[in-house]
$ cat start_26.csv   # CSV, C-alpha atoms and all ligand atoms
chain,number,residue,atom,x,y,z
A,1,MET,CA,-16.1,3.5,-23.1
A,2,PRO,CA,-13.7,1.0,-21.6
A,3,PHE,CA,-16.4,-1.7,-21.4
A,4,ARG,CA,-16.5,-4.5,-24.0
A,5,ALA,CA,-19.0,-7.3,-24.1
A,6,ASP,CA,-17.5,-10.4,-22.5
A,7,ALA,CA,-14.8,-8.4,-20.7
A,8,LEU,CA,-12.2,-10.3,-18.7
A,9,ILE,CA,-11.9,-9.2,-15.1
A,10,SER,CA,-8.8,-10.2,-13.1
A,11,ILE,CA,-8.9,-10.6,-9.4
A,12,VAL,CA,-5.4,-10.4,-7.9
A,13,VAL,CA,-5.1,-12.0,-4.5
A,14,PRO,CA,-1.8,-11.7,-2.6
A,15,ALA,CA,-1.5,-14.5,0.0
A,16,PHE,CA,1.0,-14.9,2.7
A,17,ASN,CA,0.4,-17.9,5.0
A,18,GLU,CA,-3.3,-18.0,4.0
A,19,GLY,CA,-3.7,-21.8,3.9
A,20,GLU,CA,-6.7,-21.6,6.2
A,21,ALA,CA,-8.5,-18.9,4.1
A,22,ILE,CA,-7.5,-19.1,0.5
A,23,LEU,CA,-9.6,-22.0,-0.8
A,24,GLY,CA,-12.7,-20.8,0.9
A,25,THR,CA,-12.0,-17.3,-0.5
A,26,LEU,CA,-11.6,-18.5,-4.0
A,27,GLN,CA,-14.8,-20.6,-3.8
A,28,THR,CA,-16.7,-17.6,-2.4
A,29,LEU,CA,-15.3,-15.4,-5.1
A,30,GLU,CA,-16.4,-17.6,-7.9
A,31,ARG,CA,-19.9,-18.1,-6.4
A,32,VAL,CA,-20.5,-14.4,-5.8
A,33,LEU,CA,-18.8,-13.0,-8.9
A,34,GLY,CA,-20.4,-15.6,-11.1
A,35,SER,CA,-23.7,-13.8,-10.6
A,36,ASN,CA,-22.4,-10.8,-12.7
A,37,ARG,CA,-23.5,-11.8,-16.1
A,38,GLY,CA,-21.5,-11.0,-19.2
A,39,PHE,CA,-18.0,-11.1,-17.7
A,40,ARG,CA,-15.2,-13.6,-17.7
A,41,TRP,CA,-13.1,-14.1,-14.6
A,42,GLU,CA,-9.4,-14.7,-14.0
A,43,PHE,CA,-8.2,-15.3,-10.4
A,44,VAL,CA,-4.5,-14.5,-9.9
A,45,VAL,CA,-3.2,-15.8,-6.6
A,46,VAL,CA,0.3,-14.6,-5.6
A,47,ASN,CA,1.9,-16.8,-3.0
A,48,ASP,CA,4.2,-14.4,-1.2
A,49,GLY,CA,6.6,-16.9,0.2
A,50,SER,CA,4.2,-18.7,2.6
A,51,SER,CA,5.6,-21.3,4.9
A,52,ASP,CA,2.3,-23.1,5.0
A,53,ASP,CA,0.3,-24.9,2.3
A,54,THR,CA,-1.1,-21.8,0.6
A,55,VAL,CA,0.1,-22.9,-2.9
A,56,GLU,CA,-1.4,-26.4,-2.6
A,57,CYS,CA,-4.6,-25.0,-1.2
A,58,ALA,CA,-4.9,-22.4,-4.0
A,59,ARG,CA,-4.0,-25.0,-6.7
A,60,SER,CA,-6.6,-27.4,-5.3
A,61,PHE,CA,-9.3,-25.0,-6.3
A,62,ALA,CA,-11.0,-26.2,-9.4
A,63,PRO,CA,-12.8,-23.3,-10.9
A,64,VAL,CA,-15.9,-24.0,-13.0
A,65,GLN,CA,-15.9,-20.7,-15.0
A,66,ALA,CA,-12.8,-18.8,-14.0
A,67,THR,CA,-9.2,-19.2,-15.1
A,68,LEU,CA,-6.9,-19.8,-12.2
A,69,VAL,CA,-3.3,-18.4,-12.2
A,70,VAL,CA,-1.0,-19.2,-9.3
A,71,VAL,CA,2.2,-17.2,-9.1
A,72,ASP,CA,4.7,-18.6,-6.6
A,73,LEU,CA,7.2,-16.0,-5.4
A,74,SER,CA,10.6,-17.4,-4.2
A,75,ARG,CA,10.3,-15.9,-0.7
A,76,ASN,CA,8.2,-13.3,1.2
A,77,PHE,CA,8.6,-10.0,-0.6
A,78,GLY,CA,5.8,-8.2,1.2
A,79,LYS,CA,2.3,-7.3,0.1
A,80,GLU,CA,3.3,-4.4,-2.1
A,81,ALA,CA,5.6,-6.6,-4.2
A,82,ALA,CA,3.1,-9.4,-4.3
A,83,LEU,CA,0.6,-7.0,-5.7
A,84,SER,CA,3.0,-5.9,-8.4
A,85,ALA,CA,3.6,-9.5,-9.3
A,86,GLY,CA,-0.1,-10.1,-9.5
A,87,LEU,CA,-0.6,-7.0,-11.8
A,88,ASP,CA,2.1,-8.3,-14.1
A,89,ALA,CA,0.5,-11.7,-14.4
A,90,SER,CA,-3.0,-10.5,-14.9
A,91,THR,CA,-4.4,-10.2,-18.4
A,92,GLY,CA,-7.9,-8.8,-17.7
A,93,ASP,CA,-9.5,-5.7,-19.2
A,94,ALA,CA,-9.9,-4.6,-15.6
A,95,VAL,CA,-8.0,-5.7,-12.5
A,96,ILE,CA,-9.3,-5.8,-8.9
A,97,PRO,CA,-6.8,-6.6,-6.1
A,98,MET,CA,-8.5,-8.3,-3.1
A,99,ASP,CA,-7.2,-9.7,0.2
A,100,ALA,CA,-7.2,-13.4,0.7
A,101,ASP,CA,-9.3,-13.1,3.9
A,102,LEU,CA,-12.5,-11.9,2.3
A,103,GLN,CA,-12.2,-8.5,4.1
A,104,ASP,CA,-12.8,-7.0,0.7
A,105,PRO,CA,-16.4,-8.1,0.1
A,106,PRO,CA,-16.9,-9.5,-3.4
A,107,GLU,CA,-20.5,-8.3,-3.3
A,108,LEU,CA,-19.1,-4.9,-4.0
A,109,VAL,CA,-17.7,-5.9,-7.3
A,110,SER,CA,-21.1,-5.6,-9.2
A,111,ARG,CA,-21.3,-1.9,-8.1
A,112,MET,CA,-17.7,-1.4,-9.3
A,113,LEU,CA,-18.5,-3.0,-12.7
A,114,ALA,CA,-21.5,-0.8,-13.1
A,115,LEU,CA,-19.4,2.3,-12.6
A,116,TRP,CA,-16.7,1.0,-14.9
A,117,GLU,CA,-19.3,0.5,-17.6
A,118,GLU,CA,-20.3,4.1,-17.1
A,119,GLY,CA,-16.8,5.2,-17.9
A,120,ALA,CA,-14.9,5.4,-14.6
A,121,GLU,CA,-11.3,4.1,-14.9
A,122,VAL,CA,-10.6,3.6,-11.3
A,123,ILE,CA,-13.3,2.7,-8.7
A,124,LEU,CA,-12.1,2.9,-5.1
A,125,ALA,CA,-13.7,1.0,-2.3
A,126,LYS,CA,-13.8,3.2,0.6
A,127,ARG,CA,-14.3,2.0,4.2
A,128,SER,CA,-17.1,4.0,5.7
A,129,ASP,CA,-16.3,2.3,9.0
A,130,ARG,CA,-13.1,0.8,10.4
A,131,SER,CA,-14.5,-0.9,13.5
A,132,SER,CA,-13.0,-4.2,12.4
A,133,ASP,CA,-9.6,-2.7,12.9
A,134,GLY,CA,-8.1,-2.3,16.4
A,135,TRP,CA,-8.1,1.1,18.1
A,136,LEU,CA,-4.4,1.7,17.5
A,137,LYS,CA,-4.6,0.9,13.8
A,138,ARG,CA,-7.5,3.2,13.3
A,139,VAL,CA,-5.9,6.2,15.0
A,140,SER,CA,-2.5,5.7,13.4
A,141,ALA,CA,-4.1,5.2,10.0
A,142,GLU,CA,-6.0,8.4,10.4
A,143,ARG,CA,-2.9,10.3,11.5
A,144,PHE,CA,-0.9,8.8,8.7
A,145,TYR,CA,-3.2,9.9,5.9
A,146,ARG,CA,-3.8,13.3,7.4
A,147,LEU,CA,0.0,13.9,7.5
A,148,ILE,CA,1.0,12.3,4.2
A,149,ASN,CA,-1.7,14.3,2.4
A,150,VAL,CA,-0.3,17.6,3.7
A,151,VAL,CA,3.2,16.8,2.4
A,152,SER,CA,2.7,14.5,-0.5
A,153,ASP,CA,2.6,15.6,-4.2
A,154,VAL,CA,-0.4,13.4,-4.9
A,155,VAL,CA,-3.5,13.0,-2.7
A,156,ILE,CA,-3.7,9.5,-1.3
A,157,PRO,CA,-7.3,8.9,-0.5
A,158,GLU,CA,-8.1,8.2,3.1
A,159,ASN,CA,-9.8,4.9,4.3
A,160,VAL,CA,-9.1,3.3,0.9
A,161,GLY,CA,-7.0,0.2,0.7
A,162,ASP,CA,-5.7,-1.7,-2.3
A,163,PHE,CA,-9.2,-3.0,-3.0
A,164,ARG,CA,-10.3,-1.1,-6.2
A,165,LEU,CA,-11.1,-1.7,-9.8
A,166,MET,CA,-8.6,-0.5,-12.3
A,167,ASP,CA,-9.1,-0.3,-16.0
A,168,ARG,CA,-6.4,-1.9,-18.1
A,169,SER,CA,-5.0,1.5,-19.1
A,170,VAL,CA,-4.4,2.3,-15.4
A,171,VAL,CA,-2.8,-1.0,-14.7
A,172,ASP,CA,-0.4,-0.5,-17.6
A,173,VAL,CA,0.7,2.8,-16.3
A,174,VAL,CA,1.4,1.5,-12.8
A,175,ARG,CA,3.2,-1.5,-14.2
A,176,ALA,CA,5.4,0.7,-16.3
A,177,LEU,CA,6.6,2.8,-13.3
A,178,PRO,CA,10.3,2.1,-12.9
A,179,GLU,CA,10.6,2.0,-9.1
A,180,ASN,CA,11.1,-1.3,-7.5
A,181,ARG,CA,10.3,-0.2,-3.9
A,182,ARG,CA,6.6,0.1,-4.4
A,183,PHE,CA,4.1,1.7,-2.1
A,184,MET,CA,1.1,0.6,-4.2
A,185,LYS,CA,-1.6,2.9,-2.8
A,186,GLY,CA,0.6,5.9,-3.6
A,187,LEU,CA,1.4,4.6,-7.1
A,188,PHE,CA,-2.2,4.0,-7.9
A,189,ALA,CA,-3.1,7.5,-6.7
A,190,TRP,CA,-0.2,8.9,-8.7
A,191,ALA,CA,-1.5,7.3,-11.9
A,192,GLY,CA,-4.6,9.5,-11.7
A,193,PHE,CA,-7.5,8.7,-14.2
A,194,ARG,CA,-11.2,9.2,-13.8
A,195,THR,CA,-12.1,8.0,-10.4
A,196,ALA,CA,-15.3,6.9,-8.7
A,197,VAL,CA,-15.9,5.7,-5.1
A,198,VAL,CA,-18.1,3.0,-3.6
A,199,ASP,CA,-18.5,2.8,0.2
A,200,TYR,CA,-18.5,-0.3,2.3
A,201,VAL,CA,-18.1,-1.6,5.8
A,202,ARG,CA,-15.1,-3.7,6.2
A,203,PRO,CA,-15.9,-7.1,7.7
A,204,GLU,CA,-13.7,-9.2,10.0
A,205,ARG,CA,-11.1,-11.6,8.6
A,206,SER,CA,-12.7,-14.9,7.4
A,207,ALA,CA,-10.0,-17.1,8.8
A,208,GLY,CA,-6.4,-16.9,10.0
A,209,GLN,CA,-4.7,-13.9,11.5
A,210,THR,CA,-3.5,-10.5,10.3
A,211,LYS,CA,-0.1,-10.4,8.8
A,212,PHE,CA,0.6,-6.8,9.6
A,213,ASN,CA,1.9,-6.1,13.1
A,214,ALA,CA,2.8,-2.6,14.4
A,215,VAL,CA,6.4,-2.8,13.1
A,216,ARG,CA,5.3,-3.7,9.6
A,217,LEU,CA,2.8,-1.0,9.6
A,218,LEU,CA,5.3,1.6,10.7
A,219,ASN,CA,7.7,0.4,8.0
A,220,LEU,CA,5.0,0.8,5.4
A,221,ALA,CA,4.2,4.3,6.7
A,222,ILE,CA,7.8,5.4,6.4
A,223,GLU,CA,8.0,3.8,3.0
A,224,GLY,CA,4.9,5.7,2.0
A,225,PHE,CA,6.3,9.0,3.3
A,226,THR,CA,9.7,8.7,1.7
A,227,SER,CA,8.4,7.6,-1.6
A,228,PHE,CA,5.9,10.4,-2.0
A,229,SER,CA,7.4,13.4,-0.4
A,230,ASN,CA,10.6,15.3,0.3
A,231,ALA,CA,8.9,17.1,3.1
A,232,PRO,CA,10.9,15.4,5.9
A,233,LEU,CA,14.1,16.6,4.4
A,234,ARG,CA,12.7,20.1,4.2
A,235,VAL,CA,11.5,19.9,7.8
A,236,ALA,CA,15.1,19.1,8.8
A,237,THR,CA,16.3,22.2,6.9
A,238,PHE,CA,13.7,24.4,8.6
A,239,LEU,CA,14.4,23.0,12.1
A,240,GLY,CA,18.2,23.6,11.5
A,241,ALA,CA,17.6,27.2,10.3
A,242,ALA,CA,15.2,27.9,13.2
A,243,THR,CA,17.8,26.6,15.8
A,244,ALA,CA,20.6,28.5,14.2
A,245,PHE,CA,18.6,31.7,14.3
A,246,SER,CA,17.6,31.2,18.0
A,247,ALA,CA,21.3,30.5,18.8
A,248,PHE,CA,22.3,33.7,17.1
A,249,ALA,CA,19.6,35.7,18.9
A,250,TYR,CA,20.6,34.2,22.2
A,251,GLY,CA,24.3,35.0,21.6
A,252,ALA,CA,23.4,38.6,20.8
A,253,PHE,CA,21.3,38.8,23.9
A,254,ILE,CA,24.3,37.5,26.1
A,255,VAL,CA,26.6,40.0,24.5
A,256,VAL,CA,24.3,42.9,25.2
A,257,ARG,CA,23.6,41.7,28.7
A,258,THR,CA,27.3,41.4,29.5
A,259,LEU,CA,27.9,44.9,28.1
A,260,VAL,CA,25.1,46.4,30.1
A,261,PHE,CA,25.3,44.5,33.4
A,262,GLY,CA,28.8,43.1,33.4
A,263,THR,CA,29.7,39.4,33.7
A,264,ASP,CA,28.0,36.9,35.9
A,265,LEU,CA,28.6,33.1,36.2
A,266,PRO,CA,27.0,31.4,33.2
A,267,GLY,CA,24.7,28.5,33.7
A,268,TYR,CA,26.3,25.1,33.2
A,269,ALA,CA,23.0,23.3,33.2
A,270,SER,CA,21.5,25.4,30.4
A,271,LEU,CA,24.6,24.8,28.3
A,272,ILE,CA,24.3,21.0,28.6
A,273,SER,CA,20.6,21.0,27.8
A,274,VAL,CA,21.1,23.1,24.7
A,275,MET,CA,24.0,20.9,23.6
A,276,LEU,CA,21.9,17.7,24.1
A,277,PHE,CA,19.0,19.3,22.2
A,278,LEU,CA,21.2,20.2,19.3
A,279,SER,CA,22.9,16.9,19.1
A,280,GLY,CA,19.5,15.2,19.2
A,281,MET,CA,18.3,17.4,16.3
A,282,GLN,CA,21.5,16.7,14.3
A,283,LEU,CA,21.0,12.9,14.7
A,284,LEU,CA,17.3,13.2,13.7
A,285,ALA,CA,18.2,15.2,10.6
A,286,LEU,CA,21.0,12.7,9.7
A,287,GLY,CA,18.4,9.9,10.1
A,288,VAL,CA,16.0,11.6,7.7
A,289,ILE,CA,18.8,12.1,5.2
A,290,GLY,CA,19.9,8.5,5.7
A,291,GLU,CA,16.4,7.3,4.9
A,292,TYR,CA,16.5,9.0,1.5
A,293,VAL,CA,20.1,8.0,0.7
A,294,GLY,CA,19.1,4.5,1.6
A,295,ARG,CA,16.2,4.6,-0.8
A,296,THR,CA,18.3,6.0,-3.6
A,297,TYR,CA,20.8,3.3,-2.9
A,298,LEU,CA,18.2,0.5,-3.1
A,299,GLU,CA,16.7,2.0,-6.3
A,300,ALA,CA,20.1,2.4,-7.8
A,301,LYS,CA,20.8,-1.3,-7.5
A,302,ARG,CA,17.9,-2.0,-9.8
A,303,ARG,CA,17.0,-5.2,-8.2
A,304,PRO,CA,13.6,-6.5,-9.2
A,305,ALA,CA,10.7,-6.0,-6.7
A,306,PHE,CA,10.1,-9.8,-6.6
A,307,VAL,CA,11.3,-13.1,-7.9
A,308,ILE,CA,9.0,-15.7,-9.3
A,309,ARG,CA,9.6,-19.4,-8.7
A,310,LYS,CA,6.9,-20.8,-10.9
A,311,VAL,CA,3.6,-19.9,-12.5
A,312,TRP,CA,0.6,-22.3,-13.0
A,313,ARG,CA,-2.2,-21.5,-15.3
A,314,SER,CA,-5.3,-23.6,-15.4
A,315,VAL,CA,-8.3,-23.3,-17.8
A,316,PRO,CA,-11.8,-23.6,-16.4
A,317,THR,CA,-13.2,-27.1,-16.2
A,318,ASN,CA,-16.2,-26.0,-18.2
A,319,ALA,CA,-14.7,-23.4,-20.5
A,320,ASP,CA,-17.3,-23.1,-23.2
A,321,GLU,CA,-20.3,-22.7,-21.1
B,1,LIG,N1,0.0,-10.3,2.5
B,1,LIG,C1,1.0,-10.6,1.6
B,1,LIG,N2,2.4,-10.5,2.0
B,1,LIG,C2,2.7,-10.1,3.3
B,1,LIG,C3,1.7,-9.7,4.2
B,1,LIG,C4,0.4,-9.8,3.8
B,1,LIG,O1,0.8,-11.0,0.5
B,1,LIG,O2,3.9,-10.0,3.6
B,1,LIG,C5,-1.4,-10.4,2.1
B,1,LIG,C6,-2.2,-11.3,3.0
B,1,LIG,O3,-2.1,-12.6,2.7
B,1,LIG,C7,-3.6,-10.7,2.8
B,1,LIG,C8,-3.4,-9.3,2.5
B,1,LIG,O4,-2.0,-9.1,2.2
B,1,LIG,O5,-4.2,-11.3,1.6
B,1,LIG,C9,-3.8,-8.4,3.6
B,1,LIG,O6,-3.1,-8.9,4.8
B,1,LIG,P1,-3.9,-8.9,6.2
B,1,LIG,O7,-5.3,-9.4,6.0
B,1,LIG,O8,-3.0,-9.7,7.1
B,1,LIG,O9,-3.9,-7.4,6.6
B,1,LIG,P2,-5.0,-6.6,7.4
B,1,LIG,O10,-6.3,-6.9,6.6
B,1,LIG,O11,-5.0,-7.0,8.8
B,1,LIG,O12,-4.6,-5.2,7.2
B,2,MG,MG,-7.1,-8.7,6.3

$ encode --input "start_26.csv" --output "C-alpha cells"
Amino acid sequence: MPFRADALISIVVPAFNEGEAILGTLQTLERVLGSNRGFRWEFVVVNDGSSDDTVECARSFAPVQATLVVVDLSRNFGKEAALSAGLDASTGDAVIPMDADLQDPPELVSRMLALWEEGAEVILAKRSDRSSDGWLKRVSAERFYRLINVVSDVVIPENVGDFRLMDRSVVDVVRALPENRRFMKGLFAWAGFRTAVVDYVRPERSAGQTKFNAVRLLNLAIEGFTSFSNAPLRVATFLGAATAFSAFAYGAFIVVRTLVFGTDLPGYASLISVMLFLSGMQLLALGVIGEYVGRTYLEAKRRPAFVIRKVWRSVPTNADE
C-alpha cells in the first residue's frame, strides 16, 4: 500500500500570466484540501515566465497549514516544461498537477486520495463533459485522441488532462525519462502503473483568459504525434509506394493502348495535374521527415527543458498544528 499516515501531497500549479487567478486559487486550494484529514500539503507554483505579477501574487499567499514552493522559470517554456519543473521541485508522496484557474476542481481530490489509499498508483480525472470548452476545441480534441490512439504505442486516455494523482513511484519514473521535449500526457501514459479514474465536469475558468490559442494547440498536437509514433513516417512510405504502383500501372496501360489502338495526342492537362499531385506529395513527405529530423536535432542538443531563475520555499505559519 502506498499510503502512509501523515502523507505529504504536492499540488503542482503551472502558471503563466495568472496574476488575476493564482492567489484566489491557492486560497481555495488550502481551504478545500484542508478538509481532508491526515494529510500534509505542499503547493508548488511554477511561474512560467509570466509578464505580469504572478510571482508576487503567489508569494503573497501565506499558507496556514501547507508549505509553499514558488519556482520561477527564466522565461516562458510552455506548460509541459513548467509541469516538469514542478514535478522536479515537489517532494510529496503523491503529486497532483492542477491548473491555476480552478478548472481542475479541488473537491475531486478527496476521491482521488481514497482511491490512492486503496492501492491505485495513478488516478486520472476524466471530463465527463467538455461544454466549458469551445466547439472547435471539443471537436479537434476528439479527433486528436482518436487518431493518436490508432497510431501511438501507448494508449493516451481521452478527455483526460494533466489533472491526476500520481504516486511517488510514478513521478520518479516520469522524472527520470531523458527526453527534454516533453508531451506530459503521453509520458504519464507511457509510465503505466495501476490506474483508476474519477469523472468530473470541467467548470469555467475562475479568472483571466485561456493561454492556449489554436496555433499553440496545433503545435501541442504535432508534438504529441511525433513524440509517440512513427506512423506519419510510415504513411509517407505507403503513400509513395501506392503512387509508384499506380504510375506503373498507368504506364503499362498506355503501352498496351498504344500497341492496340496506335498513337493519339496525349493529354497535357492530365500530365500537369499528375505532376502537381506528385510534387505535393513529395513536399508533404519531406515535411514529415523534417519534423522527425528536427526532433532528433533538438533532443541531440541535450538542452534542458527549462531554466530556473529562483526557488522560494516557505514553511507554514502554523507548522505544528
Ligand atoms: N500555462 C503555463 N504555460 C503556458 C501556458 C499555460 O504554465 O505557456 C498554464 C496556465 O497558467 C494554466 C494551465 O497551464 O495554469 C492551463 O492553461 P489554460 O487554463 O490557459 O488552458 P485551458 O484550460 O484553456 O486549456
Ligand atoms: Mg484553464

$ residues_near_ligand --input "start_26.csv" --ligand "ligand LIG 1 (chain B)" --cutoff "6 Å" --atoms "all atoms listed in the file" --output "PyMOL selection string"
chain A and resi 14-16+18+48+76+78-79+82+99-101+210-212

$ write_last_selection --input "start_26.csv" --atoms "C-alpha atoms" --output "mmCIF file, keeping the file's coordinate frame"
data_model
loop_
_atom_site.group_PDB
_atom_site.id
_atom_site.type_symbol
_atom_site.label_atom_id
_atom_site.label_comp_id
_atom_site.auth_asym_id
_atom_site.auth_seq_id
_atom_site.Cartn_x
_atom_site.Cartn_y
_atom_site.Cartn_z
ATOM 1 C CA PRO A 14 -1.800 -11.700 -2.600
ATOM 2 C CA ALA A 15 -1.500 -14.500 0.000
ATOM 3 C CA PHE A 16 1.000 -14.900 2.700
ATOM 4 C CA GLU A 18 -3.300 -18.000 4.000
ATOM 5 C CA ASP A 48 4.200 -14.400 -1.200
ATOM 6 C CA ASN A 76 8.200 -13.300 1.200
ATOM 7 C CA GLY A 78 5.800 -8.200 1.200
ATOM 8 C CA LYS A 79 2.300 -7.300 0.100
ATOM 9 C CA ALA A 82 3.100 -9.400 -4.300
ATOM 10 C CA ASP A 99 -7.200 -9.700 0.200
ATOM 11 C CA ALA A 100 -7.200 -13.400 0.700
ATOM 12 C CA ASP A 101 -9.300 -13.100 3.900
ATOM 13 C CA THR A 210 -3.500 -10.500 10.300
ATOM 14 C CA LYS A 211 -0.100 -10.400 8.800
ATOM 15 C CA PHE A 212 0.600 -6.800 9.600
#

$ atom_distance --input "start_26.csv" --atom1 "atom CA of Val64 of chain A" --atom2 "atom CA of Gln27 of chain A"
9.9 Å

$ residues_near_point --input "start_26.csv" --point "(5.4, 3.1, 0.5)" --cutoff "12 Å" --atoms "all atoms listed in the file" --output "mmCIF file with C-alpha atoms, in the frame of the given file"
data_model
loop_
_atom_site.group_PDB
_atom_site.id
_atom_site.type_symbol
_atom_site.label_atom_id
_atom_site.label_comp_id
_atom_site.auth_asym_id
_atom_site.auth_seq_id
_atom_site.Cartn_x
_atom_site.Cartn_y
_atom_site.Cartn_z
ATOM 1 C CA GLY A 78 5.800 -8.200 1.200
ATOM 2 C CA LYS A 79 2.300 -7.300 0.100
ATOM 3 C CA GLU A 80 3.300 -4.400 -2.100
ATOM 4 C CA ALA A 81 5.600 -6.600 -4.200
ATOM 5 C CA PHE A 144 -0.900 8.800 8.700
ATOM 6 C CA ILE A 148 1.000 12.300 4.200
ATOM 7 C CA SER A 152 2.700 14.500 -0.500
ATOM 8 C CA ILE A 156 -3.700 9.500 -1.300
ATOM 9 C CA GLU A 179 10.600 2.000 -9.100
ATOM 10 C CA ASN A 180 11.100 -1.300 -7.500
ATOM 11 C CA ARG A 181 10.300 -0.200 -3.900
ATOM 12 C CA ARG A 182 6.600 0.100 -4.400
ATOM 13 C CA PHE A 183 4.100 1.700 -2.100
ATOM 14 C CA MET A 184 1.100 0.600 -4.200
ATOM 15 C CA LYS A 185 -1.600 2.900 -2.800
ATOM 16 C CA GLY A 186 0.600 5.900 -3.600
ATOM 17 C CA LEU A 187 1.400 4.600 -7.100
ATOM 18 C CA PHE A 188 -2.200 4.000 -7.900
ATOM 19 C CA ALA A 189 -3.100 7.500 -6.700
ATOM 20 C CA ARG A 216 5.300 -3.700 9.600
ATOM 21 C CA LEU A 217 2.800 -1.000 9.600
ATOM 22 C CA LEU A 218 5.300 1.600 10.700
ATOM 23 C CA ASN A 219 7.700 0.400 8.000
ATOM 24 C CA LEU A 220 5.000 0.800 5.400
ATOM 25 C CA ALA A 221 4.200 4.300 6.700
ATOM 26 C CA ILE A 222 7.800 5.400 6.400
ATOM 27 C CA GLU A 223 8.000 3.800 3.000
ATOM 28 C CA GLY A 224 4.900 5.700 2.000
ATOM 29 C CA PHE A 225 6.300 9.000 3.300
ATOM 30 C CA THR A 226 9.700 8.700 1.700
ATOM 31 C CA SER A 227 8.400 7.600 -1.600
ATOM 32 C CA PHE A 228 5.900 10.400 -2.000
ATOM 33 C CA SER A 229 7.400 13.400 -0.400
ATOM 34 C CA ARG A 295 16.200 4.600 -0.800
#

$ closest_residue --input "start_26.csv" --among "A:Val12, A:Leu286, A:Val55, A:Leu73" --to "Met98 of chain A" --atoms "all atoms listed in the file"
A:Val12

$ closest_residue --input "start_26.csv" --among "A:Ala285, A:Leu298, A:Leu102, A:Val32" --to "ligand MG 2 (chain B)" --atoms "only C-alpha atoms and all ligand atoms"
A:Leu102
